[in-house]
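Asker: What follows is a single structure, and I will ask about it in a moment.
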Amino acid sequence: MAHDPNTRPAFEARLIQHHSSVDENGVESTSSYTRKKDAQISIHPCRQSTHSPPAFGLSSNLEISFEATKSNLQGVDKVMSANQHLFRPLHEITISTNDKPKLLCKLTSLLSEIGLNIQEAHAFSTTDGYSLDVFVVSGWPYEETEKLRDLLAMEIPRVEEIPWSKNPQVLPSKEMETKTFREIVQLPVDGADGWEIDVKLLTFDYRIGGGSYSDLYKGTFCTQDVAIKALKDEYLYENVQKEFAQEVYIMRKIRHKNIVQFIGACTRPPKLCIVTEFMAGGNLYDFLHNERGHFDVPTILKIAIHISKGMNYLHQNNIIHRDLKSANLLMDENGIVKVSDFGVARVQNKSGIMTAETGTYRWMAPEVIEHRPYSHKADVYSFGIVVWELLTKKLPYANLTPLQAAIGVVQKGLRPIIPKHTHPEIVGLLERCWQQDPSSRPEFSEIITILLHCSKMEKIKDLSKEEIVWEESLDQMLYDNHIPRQRVSFWSNGTVGNFPTLELFGINNLTFEL
């Protein structure tokens, strides 16, 4: 049906039931299912479900992660009474249509808007350009499946209105050659065009990364090493160009030692580029997860302070990053960490509230996932996830898919488990950053103060350790030279004359060594 434009998008909704039990350890196990086409569903806890299971089964990882989080906070004995049975009437919704960017985000948003809670999601793309998305949802009366189908029949066609289609309107090549970028997308004007770079002055050395709509190159500009973010020619959609214009507009306005330095941009087709300083140390994500790098606690605090200072500067200038994560935090050759990638950043309006989902689910604040209005405090939530990542060297919610993680964060209050031996002040800071209520999260100015205090305490602790090591070394030297420890204290007070000649010789040698 998805192949036929007249019946696309194709969808189906059916009633299922998930029967599970939770043991005393808070681990959910799923019962077997029996299939019977016209069976009546039971919500009585003593009767077995007779509706067919979801097409792909229900993963218990989300429940396990949630119970682990609760166990960490409350103790296992408070999680669930032993062998509690859970009977959840659910629906399975299957949707197939043309594959397109951001389709999954649009579908999850649509289902949320009609009051459904997504428990499980499976997304597939075919080689011939179609998508298959299967959702297991709760929140709809089991006896009203037909009403759900009718509502979906009205709402799901909205996904075909998404402007980012497989064949978007791209300007013809001749028109691209004659039209300047600012005629295609209006770039805000607030100063001179001193940042405009002639693409002929750029040398593209090699590709170092990229995304769906752009490639990132190591290059040179006027003999200086630079990073060049170049839009892919085949993706010059109007939406992409608008985001490009927004990124240029924001980056040319900001300058801070903990934000990647904007050098200039090429805004005249056929090559649209943003040129920034080259960060030789790469990004934190690759260092932690691909290179298996390790940071000690003082370095983690230093990195967190660098990030906080960069983010505090952005927020002071009413800029929300909206995609703060380890992959967007770069290191230079001196270990300085800087915030990068302003492709989805926005200038906050006067109300301080924004809408629409953007970012990456594992780092995304719950209000952003839910498509609710949000403020700069969404960045604070993401910062908390990054600090946890630095402490553990683990991917957030590694045992869950990104969508499962999003469901857990929003519906179950799921948060990463903080390591047991973490400094109490850091524990408190992370818990505040992760508050469900954005107004309860701290400002970055306060975060900087907390981190500086923790860093100072770590330095004192390190100095104390060094002092202990020095004293142990001193004792060993004294022992090797047959000098009692208490007699050195006399020596330090200037009464050296009372020592025997042999001991004076030992002191002279020791003084020379020290």
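Within each chain, counting starts at residue 1; across the structure tokens, chains are named A, B, ... in the order shown, with ligands numbered 1 upward in that order.
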Contacts of Ile118 (chain A) at 12 Å or less, counting only C-alpha atoms, minus same-chain residues fewer than 6 places along, as a ChimeraX atom specification?
Answerer: /A:58,62,90-93,107-112,134-140,369-370,403-412
Asker: Return as a PyMOL selection string the full set of residues in region 187-408 of chain A whose backbone-based DSSP assignment is helix (DSSP H, G or I).
Answerer: chain A and resi 199-201+233-235+238-251+284-290+297-316+326-328+361-363+366-369+377-392+402-408
Asker: Using only C-alpha atoms, determine which residues lie at most 12 Å from Asp150 (chain A), disregarding the query and same-chain residues fewer than 6 positions distant; provide the list as JSON, numbers by chain.
Answerer: {"A": [11, 12, 13, 144, 156]}
Asker: Residues of the last selection are to be written out with C-alpha atoms, as a JSON list (two decimals), in the first residue's frame.
Answerer:
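File written: out29.json
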[["chain", "number", "residue", "atom", "x", "y", "z"],
["A", 11, "PHE", "CA", -0.99, 2.22, 8.51],
["A", 12, "GLU", "CA", -2.59, -0.38, 10.75],
["A", 13, "ALA", "CA", -3.54, -0.33, 14.44],
["A", 144, "GLU", "CA", -11.95, 1.79, 21.43],
["A", 156, "ILE", "CA", -1.18, 10.35, 9.94]]
Asker: Would you pick out the contacts of His423 (chain A) at 12 Å or less, using only C-alpha atoms, so that residues sharing its chain but fewer than 4 positions from it are not included, and give the list as a list in words?
Answerer: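 Those residues are Val297, Pro298, Leu301, Leu391, Ile418, Pro419, Val427, Gly428, Leu429, Leu430, Ile450, Leu451, His453, Cys454, Ser455, Met457 and Glu458 of chain A.
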Asker: Keeping only N, CA and C atoms, write the selected residues as a CSV table (one decimal), in the first residue's frame.
Answerer:
chain,number,residue,atom,x,y,z
A,297,VAL,N,40.0,12.8,37.9
A,297,VAL,CA,39.0,13.7,38.4
A,297,VAL,C,39.4,15.1,38.2
A,298,PRO,N,40.6,15.6,38.6
A,298,PRO,CA,40.9,17.0,38.3
A,298,PRO,C,40.7,17.4,36.9
A,301,LEU,N,37.0,17.8,36.1
A,301,LEU,CA,36.5,19.1,36.6
A,301,LEU,C,36.9,20.2,35.8
A,391,LEU,N,32.6,11.0,33.8
A,391,LEU,CA,32.9,10.3,35.0
A,391,LEU,C,32.9,8.8,34.7
A,418,ILE,N,24.6,7.3,38.9
A,418,ILE,CA,25.9,8.0,39.3
A,418,ILE,C,26.8,7.0,40.0
A,419,PRO,N,28.1,6.9,39.7
A,419,PRO,CA,29.0,6.0,40.4
A,419,PRO,C,29.0,6.3,41.9
A,427,VAL,N,27.6,14.8,42.9
A,427,VAL,CA,26.3,14.1,42.8
A,427,VAL,C,25.1,15.0,42.9
A,428,GLY,N,25.2,15.9,43.9
A,428,GLY,CA,24.2,16.9,44.1
A,428,GLY,C,24.0,17.8,42.8
A,429,LEU,N,25.1,18.2,42.2
A,429,LEU,CA,25.0,19.0,41.0
A,429,LEU,C,24.3,18.3,39.9
A,430,LEU,N,24.7,17.0,39.6
A,430,LEU,CA,24.1,16.2,38.5
A,430,LEU,C,22.6,16.0,38.8
A,450,ILE,N,30.3,26.0,41.7
A,450,ILE,CA,30.4,24.7,42.4
A,450,ILE,C,31.6,23.9,41.9
A,451,LEU,N,31.8,23.9,40.6
A,451,LEU,CA,32.9,23.2,40.0
A,451,LEU,C,34.3,23.7,40.4
A,453,HIS,N,34.9,25.2,43.2
A,453,HIS,CA,35.1,24.8,44.6
A,453,HIS,C,35.5,23.3,44.7
A,454,CYS,N,34.9,22.5,43.9
A,454,CYS,CA,35.3,21.1,43.9
A,454,CYS,C,36.7,20.9,43.4
A,455,SER,N,37.1,21.7,42.3
A,455,SER,CA,38.4,21.7,41.8
A,455,SER,C,39.5,22.1,42.8
A,457,MET,N,39.1,21.8,46.1
A,457,MET,CA,39.2,20.7,47.1
A,457,MET,C,40.1,19.6,46.6
A,458,GLU,N,39.9,19.3,45.3
A,458,GLU,CA,40.8,18.2,44.7
A,458,GLU,C,42.2,18.6,44.7
Asker: Measure the distance from CA of Gln316 (chain A) to CA of Pro416 (chain A) in Å and round it to one decimal.
Answerer: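 About the pair CA of Gln316 (chain A) and CA of Pro416 (chain A): they are 28.6 Å apart.
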Asker: Select, from A:Pro9, A:Gly281, A:Pro396, A:Gly115, the residue with the minimum atom-to-atom distance to Thr97 (chain A), counting only C-alpha atoms.
Answerer: A:Pro9
Asker: With only C-alpha atoms as the basis for distance, which of A:Glu155, A:Glu389, A:Glu196, A:Asp205 is at the shortest distance from Tyr217 (chain A)?
Answerer: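 Ranking A:Glu155, A:Glu389, A:Glu196, A:Asp205 by distance to Tyr217 (chain A), first place goes to A:Asp205.
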Asker: Write down as a list in words the residues belonging to region 323-408 of chain A that are assigned strand (DSSP E) by DSSP computed on the backbone.
Answerer: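 Of region 323-408 of chain A, only Leu329, Leu330, Met331, Val337, Lys338, Val339, Arg346 and Val347 of chain A fall in strand (DSSP E).
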Asker: Hey, can you spit out that residue selection with C-alpha atoms as a tab-separated table (two decimals), in the first residue's frame?
Answerer:
chain	number	residue	atom	x	y	z
A	329	LEU	CA	32.78	19.34	22.47
A	330	LEU	CA	36.23	19.68	20.92
A	331	MET	CA	39.75	19.71	22.41
A	337	VAL	CA	37.73	22.18	25.58
A	338	LYS	CA	35.43	24.28	23.40
A	339	VAL	CA	31.75	24.14	22.48
A	346	ARG	CA	18.88	29.57	18.26
A	347	VAL	CA	18.68	33.06	19.69
Asker: Extract, using only C-alpha atoms, all DNA, RNA and protein residues at most 12 Å from Lys232 (chain A), discarding same-chain residues fewer than 2 positions from it, and format them as a list of chain:residue names.
Answerer: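 Surrounding residues, per the criterion: A:Gly210, A:Gly211, A:Ser212, A:Tyr213, A:Ser214, A:Asp215, A:Leu216, A:Lys229, A:Ala230, A:Glu234, A:Tyr235, A:Leu236, A:Tyr237, A:Val240, A:Gln241, A:Phe244, A:Pro269, A:Pro270, A:Lys271, A:Leu272, A:Cys273.
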